$ cat model_28.cif   # mmCIF, C-alpha atoms
data_final
#
loop_
_atom_site.label_atom_id
_atom_site.label_comp_id
_atom_site.auth_asym_id
_atom_site.auth_seq_id
_atom_site.Cartn_x
_atom_site.Cartn_y
_atom_site.Cartn_z
CA MET A 1 -102.56 27.98 100.71
CA GLY A 2 -102.37 31.67 99.79
CA ARG A 3 -99.14 31.09 97.91
CA LEU A 4 -100.87 28.35 95.87
CA LEU A 5 -103.64 30.83 95.10
CA GLY A 6 -101.00 33.29 93.92
CA LEU A 7 -99.34 30.65 91.76
CA GLY A 8 -102.75 29.72 90.32
CA LEU A 9 -103.50 33.35 89.46
CA LEU A 10 -100.11 33.69 87.76
CA LEU A 11 -100.77 30.55 85.71
CA VAL A 12 -104.26 31.74 84.72
CA ALA A 13 -102.88 35.12 83.63
CA ALA A 14 -100.13 33.44 81.60
CA VAL A 15 -102.49 30.98 79.87
CA VAL A 16 -105.11 33.62 79.05
CA ALA A 17 -102.43 35.97 77.71
CA ALA A 18 -100.87 33.18 75.64
CA VAL A 19 -104.25 32.45 74.04
CA THR A 20 -105.18 36.12 73.56
CA ILE A 21 -101.92 37.47 72.11
CA PRO A 22 -102.04 35.60 68.76
CA GLU A 23 -105.67 36.63 68.18
CA LEU A 24 -104.89 40.25 69.04
CA ARG A 25 -101.83 40.20 66.80
CA SER A 26 -103.96 38.86 63.95
CA GLU A 27 -106.61 41.55 64.44
CA LEU A 28 -104.08 44.38 64.63
CA SER A 29 -102.09 43.27 61.59
CA GLY A 30 -105.22 42.84 59.49
CA ASP A 31 -104.55 39.18 58.72
CA GLY A 32 -107.15 37.40 56.68
CA THR A 33 -108.53 37.33 53.19
CA GLU A 34 -111.17 39.90 52.39
CA GLY A 35 -114.08 38.77 50.30
CA THR A 36 -117.80 38.92 49.71
CA LEU A 37 -120.55 36.62 50.91
CA THR A 38 -123.55 36.31 48.61
CA VAL A 39 -126.35 35.53 51.04
CA SER A 40 -128.61 32.61 50.20
CA SER A 41 -130.47 32.45 53.54
CA CYS A 42 -130.50 33.90 57.06
CA GLU A 43 -131.75 32.36 60.29
CA THR A 44 -132.76 34.08 63.49
CA HIS A 45 -131.65 32.69 66.85
CA THR A 46 -132.87 33.91 70.21
CA LYS A 47 -130.98 33.63 73.45
CA THR A 48 -132.83 34.36 76.68
CA HIS A 49 -130.96 35.83 79.64
CA TYR A 50 -132.55 35.53 83.06
CA GLY A 51 -131.59 38.16 85.62
CA THR A 52 -132.67 38.66 89.19
CA HIS A 53 -135.37 41.19 88.30
CA ARG A 54 -135.95 40.84 84.60
CA ARG A 55 -135.58 38.66 81.58
CA SER A 56 -134.04 39.79 78.32
CA THR A 57 -133.91 38.18 74.91
CA GLU A 58 -130.99 38.63 72.56
CA LEU A 59 -131.49 38.22 68.83
CA LYS A 60 -128.67 36.75 66.80
CA PHE A 61 -128.58 36.08 63.10
CA SER A 62 -126.57 33.69 61.00
CA CYS A 63 -126.45 34.03 57.25
CA ALA A 64 -125.27 31.34 54.85
CA GLY A 65 -124.14 31.61 51.26
CA ASN A 66 -121.22 31.48 48.86
CA TRP A 67 -118.04 33.37 49.67
CA SER A 68 -115.49 34.56 47.13
CA ALA A 69 -112.21 36.33 47.78
CA GLN A 70 -111.69 39.83 46.42
CA ASP A 71 -108.65 38.67 44.48
CA GLY A 72 -110.83 35.98 42.88
CA GLU A 73 -108.57 33.09 43.88
CA ALA A 74 -110.64 31.30 46.53
CA THR A 75 -114.34 30.49 46.74
CA TYR A 76 -116.28 28.55 49.34
CA GLN A 77 -119.85 27.32 49.34
CA ASP A 78 -122.22 27.04 52.31
CA VAL A 79 -120.28 29.49 54.48
CA VAL A 80 -122.09 30.53 57.67
CA VAL A 81 -121.41 33.95 59.22
CA GLN A 82 -122.81 35.45 62.42
CA THR A 83 -124.38 38.85 61.66
CA SER A 84 -126.00 41.61 63.67
CA SER A 85 -129.04 41.82 61.38
CA PRO A 86 -130.73 39.65 58.77
CA PHE A 87 -129.98 40.12 55.07
CA GLU A 88 -132.16 39.28 52.12
CA ALA A 89 -131.21 36.50 49.70
CA GLY A 90 -128.85 37.80 47.05
CA SER A 91 -127.36 40.50 49.29
CA LYS A 92 -123.59 40.87 49.17
CA ILE A 93 -121.84 41.53 52.49
CA PRO A 94 -118.13 41.94 53.24
CA VAL A 95 -116.66 38.97 55.08
CA VAL A 96 -113.07 38.23 56.12
CA GLN A 97 -111.67 34.70 56.14
CA VAL A 98 -109.16 34.09 58.92
CA ASP A 99 -107.76 30.59 59.08
CA GLU A 100 -110.87 28.42 58.75
CA THR A 101 -113.40 30.92 60.10
CA PHE A 102 -115.42 33.66 58.42
CA GLU A 103 -116.29 36.94 60.17
CA GLN A 104 -117.61 40.36 59.34
CA PRO A 105 -114.88 43.04 59.47
CA GLN A 106 -116.47 44.88 62.40
CA ASP A 107 -116.30 41.68 64.48
CA ARG A 108 -112.51 41.79 64.25
CA ASP A 109 -112.14 44.87 66.43
CA PRO A 110 -109.19 44.47 68.80
CA GLY A 111 -110.92 46.11 71.79
CA ASP A 112 -112.13 42.97 73.56
CA ASP A 113 -108.84 41.11 73.19
CA ALA A 114 -106.87 44.17 74.29
CA ALA A 115 -109.13 44.47 77.36
CA ILE A 116 -108.57 40.80 78.23
CA LEU A 117 -104.81 41.22 77.89
CA ALA A 118 -104.86 44.38 80.03
CA PHE A 119 -106.93 42.58 82.68
CA CYS A 120 -104.22 39.90 82.74
CA LEU A 121 -101.89 42.60 84.15
CA SER A 122 -104.22 43.04 87.12
CA VAL A 123 -104.46 39.28 87.65
CA LEU A 124 -100.66 39.09 87.41
CA ALA A 125 -100.32 41.77 90.10
CA CYS A 126 -102.81 40.01 92.41
CA GLY A 127 -101.12 36.65 91.86
CA THR A 128 -97.70 38.08 92.61
CA TYR A 129 -98.99 39.74 95.78
CA CYS A 130 -100.58 36.48 96.98
CA LEU A 131 -97.46 34.52 96.08
CA LEU A 132 -95.19 36.91 97.98
CA THR A 133 -97.36 37.33 101.08
CA GLY A 134 -99.58 34.26 101.37
CA LEU A 135 -102.78 36.36 101.23
CA GLY A 136 -105.88 34.32 100.46
CA GLY A 137 -105.20 31.17 102.43
CA ARG A 138 -107.61 29.92 105.07
CA GLY A 139 -106.27 31.07 108.42
CA GLY A 140 -103.59 33.06 106.59
CA PRO A 141 -102.76 36.70 107.04
CA GLY A 142 -105.33 39.40 106.32
CA LEU A 143 -104.69 42.29 103.98
CA GLY A 144 -103.09 44.51 106.62
CA ALA A 145 -100.88 41.76 108.00
CA SER A 146 -99.92 40.57 104.53
CA TRP A 147 -98.81 44.09 103.62
CA GLN A 148 -96.25 43.86 106.44
CA LEU A 149 -94.99 40.56 104.94
CA LEU A 150 -94.35 42.10 101.53
CA PRO A 151 -90.59 42.11 100.82
CA ALA A 152 -89.21 45.61 100.17
CA ARG A 153 -92.74 46.94 100.56
CA SER A 154 -91.76 50.54 99.88
CA VAL A 155 -90.87 49.47 96.32
CA THR A 156 -92.86 46.28 95.73
CA GLY A 157 -96.15 47.66 97.04
CA PRO A 158 -96.36 50.66 94.70
CA VAL A 159 -95.14 48.58 91.75
CA LEU A 160 -97.80 45.91 92.29
CA GLY A 161 -100.46 48.52 93.05
CA GLY A 162 -99.53 50.48 89.94
CA LEU A 163 -99.55 47.34 87.79
CA PHE A 164 -102.99 46.38 89.12
CA THR A 165 -104.37 49.89 88.56
CA LEU A 166 -102.84 50.19 85.10
CA GLY A 167 -104.30 46.82 84.07
CA ALA A 168 -107.76 47.62 85.41
CA LEU A 169 -107.92 51.08 83.83
CA ALA A 170 -106.50 49.89 80.50
CA ALA A 171 -109.03 47.02 80.43
CA LEU A 172 -111.85 49.48 81.08
CA VAL A 173 -110.67 51.88 78.38
CA CYS A 174 -110.14 49.10 75.83
CA ALA A 175 -113.53 47.55 76.49
CA LEU A 176 -115.43 50.83 76.28
CA VAL A 177 -113.50 52.82 73.68
CA LEU A 178 -111.92 50.39 71.22
#

$ encode --input "model_28.cif" --output "structure tokens"
Amino acid sequence: MGRLLGLGLLLVAAVVAAVTIPELRSELSGDGTEGTLTVSSCETHTKTHYGTHRRSTELKFSCAGNWSAQDGEATYQDVVVQTSSPFEAGSKIPVVQVDETFEQPQDRDPGDDAAILAFCLSVLACGTYCLLTGLGGRGGPGLGASWQLLPARSVTGPVLGGLFTLGALAALVCALVL
């Protein structure tokens, strides 16, 4: 059962990385068409989060209007963009078109996607460990016993531990700094 858990973790890491890599590549290369949205209206949306000790409300804004590319080639009407604050009608804000979506340039920061990809390294290390040792199965070996089952543990153990640590630290740095 632990080996199936390991295989599942490897598959999750591979799928998440496969979905994240194209988005990260797009953000890093600066893909998209830059343009300007002329705001016609903005709406406020509230989202309430309930915690164990408190409740918080998050304000989100979506502004609609006409978008035109900087090069003047493309224009779209009734484009809706998520914003961090409301804008008055007639305001012009920078918006990037990527594929069929429209986003503000600051929303295309690569930090979140880089953090997800780095976290996939940690999941990959955990999945490999479970696959090699059977850790995680009901009635299977515990952590200490599974360490003894690790093939070539003087090499494999530090490699998997280093990969897990590198992924976790890189994910933390990317999420907080980028």

$ residues_around --input "model_28.cif" --residues "Ser85 (chain A)" --least-positions-apart "4" --cutoff "12 Å" --atoms "all atoms listed in the file" --output "compact mmCIF listing (two decimals) with C-alpha atoms, in the frame of the given file"
# COMPACT_ATOMS: atom_id res chain seq x y z
CA CYS A 42 -130.50 33.90 57.06
CA GLU A 43 -131.75 32.36 60.29
CA THR A 44 -132.76 34.08 63.49
CA HIS A 45 -131.65 32.69 66.85
CA GLU A 58 -130.99 38.63 72.56
CA LEU A 59 -131.49 38.22 68.83
CA LYS A 60 -128.67 36.75 66.80
CA PHE A 61 -128.58 36.08 63.10
CA SER A 62 -126.57 33.69 61.00
CA CYS A 63 -126.45 34.03 57.25
CA VAL A 81 -121.41 33.95 59.22
CA ILE A 93 -121.84 41.53 52.49
CA GLN A 104 -117.61 40.36 59.34

$ residues_around --input "model_28.cif" --residues "Thr75 (chain A)" --least-positions-apart "3" --cutoff "10 Å" --atoms "all atoms listed in the file" --output "count of residues only"
10

$ residues_near_point --input "model_28.cif" --point "(-101.9, 41.7, 79.8)" --cutoff "10 Å" --atoms "all atoms listed in the file" --output "list in words"
Ala13, Ala14, Val16, Ala17, Ala18, Thr20, Ile21, Asp113, Ala114, Ala115, Ile116, Leu117, Ala118, Phe119, Cys120, Leu121, Ser122, Val123, Leu124, Gly167, Ala170 and Ala171 of chain A

$ resolve_selection --input "model_28.cif" --expression "the PyMOL selection byres ((chain A and resi 97) around 9)" --output "VMD selection string"
chain A and resid 31 to 35 69 95 to 96 98 to 104

$ resolve_selection --input "model_28.cif" --expression "the PyMOL selection byres ((chain A and resi 4) around 12)" --output "VMD selection string"
chain A and resid 1 to 3 5 to 11 127 to 138

$ atom_distance --input "model_28.cif" --atom1 "CA of Gly90 (chain A)" --atom2 "CA of Ala64 (chain A)"
10.7 Å

$ atom_distance --input "model_28.cif" --atom1 "CA of Val159 (chain A)" --atom2 "CA of Cys126 (chain A)"
11.5 Å

$ atom_distance --input "model_28.cif" --atom1 "CA of Pro86 (chain A)" --atom2 "CA of Arg54 (chain A)"
26.4 Å

$ decode --input "model_28.cif" --residues "region 159-170 of chain A" --atoms "N, CA, C and O atoms" --output "mmCIF file, in the first residue's frame"
data_model
loop_
_atom_site.group_PDB
_atom_site.id
_atom_site.type_symbol
_atom_site.label_atom_id
_atom_site.label_comp_id
_atom_site.auth_asym_id
_atom_site.auth_seq_id
_atom_site.Cartn_x
_atom_site.Cartn_y
_atom_site.Cartn_z
ATOM 1 N N VAL A 159 20.440 11.990 -0.875
ATOM 2 C CA VAL A 159 19.932 12.565 -2.129
ATOM 3 C C VAL A 159 18.453 12.915 -1.994
ATOM 4 O O VAL A 159 18.028 14.022 -2.343
ATOM 5 N N LEU A 160 17.653 11.984 -1.464
ATOM 6 C CA LEU A 160 16.224 12.249 -1.295
ATOM 7 C C LEU A 160 15.985 13.330 -0.237
ATOM 8 O O LEU A 160 15.121 14.196 -0.416
ATOM 9 N N GLY A 161 16.751 13.296 0.840
ATOM 10 C CA GLY A 161 16.621 14.328 1.868
ATOM 11 C C GLY A 161 17.009 15.703 1.337
ATOM 12 O O GLY A 161 16.341 16.703 1.619
ATOM 13 N N GLY A 162 18.073 15.745 0.560
ATOM 14 C CA GLY A 162 18.491 17.009 -0.039
ATOM 15 C C GLY A 162 17.484 17.532 -1.039
ATOM 16 O O GLY A 162 17.202 18.732 -1.084
ATOM 17 N N LEU A 163 16.918 16.634 -1.841
ATOM 18 C CA LEU A 163 15.901 17.031 -2.819
ATOM 19 C C LEU A 163 14.659 17.575 -2.121
ATOM 20 O O LEU A 163 14.109 18.601 -2.530
ATOM 21 N N PHE A 164 14.248 16.902 -1.034
ATOM 22 C CA PHE A 164 13.088 17.374 -0.277
ATOM 23 C C PHE A 164 13.374 18.752 0.327
ATOM 24 O O PHE A 164 12.555 19.667 0.227
ATOM 25 N N THR A 165 14.531 18.902 0.947
ATOM 26 C CA THR A 165 14.884 20.176 1.585
ATOM 27 C C THR A 165 15.014 21.287 0.561
ATOM 28 O O THR A 165 14.520 22.406 0.771
ATOM 29 N N LEU A 166 15.673 21.001 -0.551
ATOM 30 C CA LEU A 166 15.828 22.001 -1.606
ATOM 31 C C LEU A 166 14.462 22.455 -2.128
ATOM 32 O O LEU A 166 14.217 23.649 -2.300
ATOM 33 N N GLY A 167 13.566 21.502 -2.371
ATOM 34 C CA GLY A 167 12.229 21.845 -2.855
ATOM 35 C C GLY A 167 11.449 22.680 -1.862
ATOM 36 O O GLY A 167 10.818 23.672 -2.225
ATOM 37 N N ALA A 168 11.512 22.305 -0.588
ATOM 38 C CA ALA A 168 10.763 23.041 0.433
ATOM 39 C C ALA A 168 11.309 24.453 0.617
ATOM 40 O O ALA A 168 10.549 25.428 0.680
ATOM 41 N N LEU A 169 12.628 24.587 0.676
ATOM 42 C CA LEU A 169 13.216 25.921 0.845
ATOM 43 C C LEU A 169 13.005 26.796 -0.395
ATOM 44 O O LEU A 169 12.707 27.987 -0.270
ATOM 45 N N ALA A 170 13.156 26.218 -1.564
ATOM 46 C CA ALA A 170 12.944 26.992 -2.799
ATOM 47 C C ALA A 170 11.489 27.430 -2.897
ATOM 48 O O ALA A 170 11.213 28.562 -3.314
#
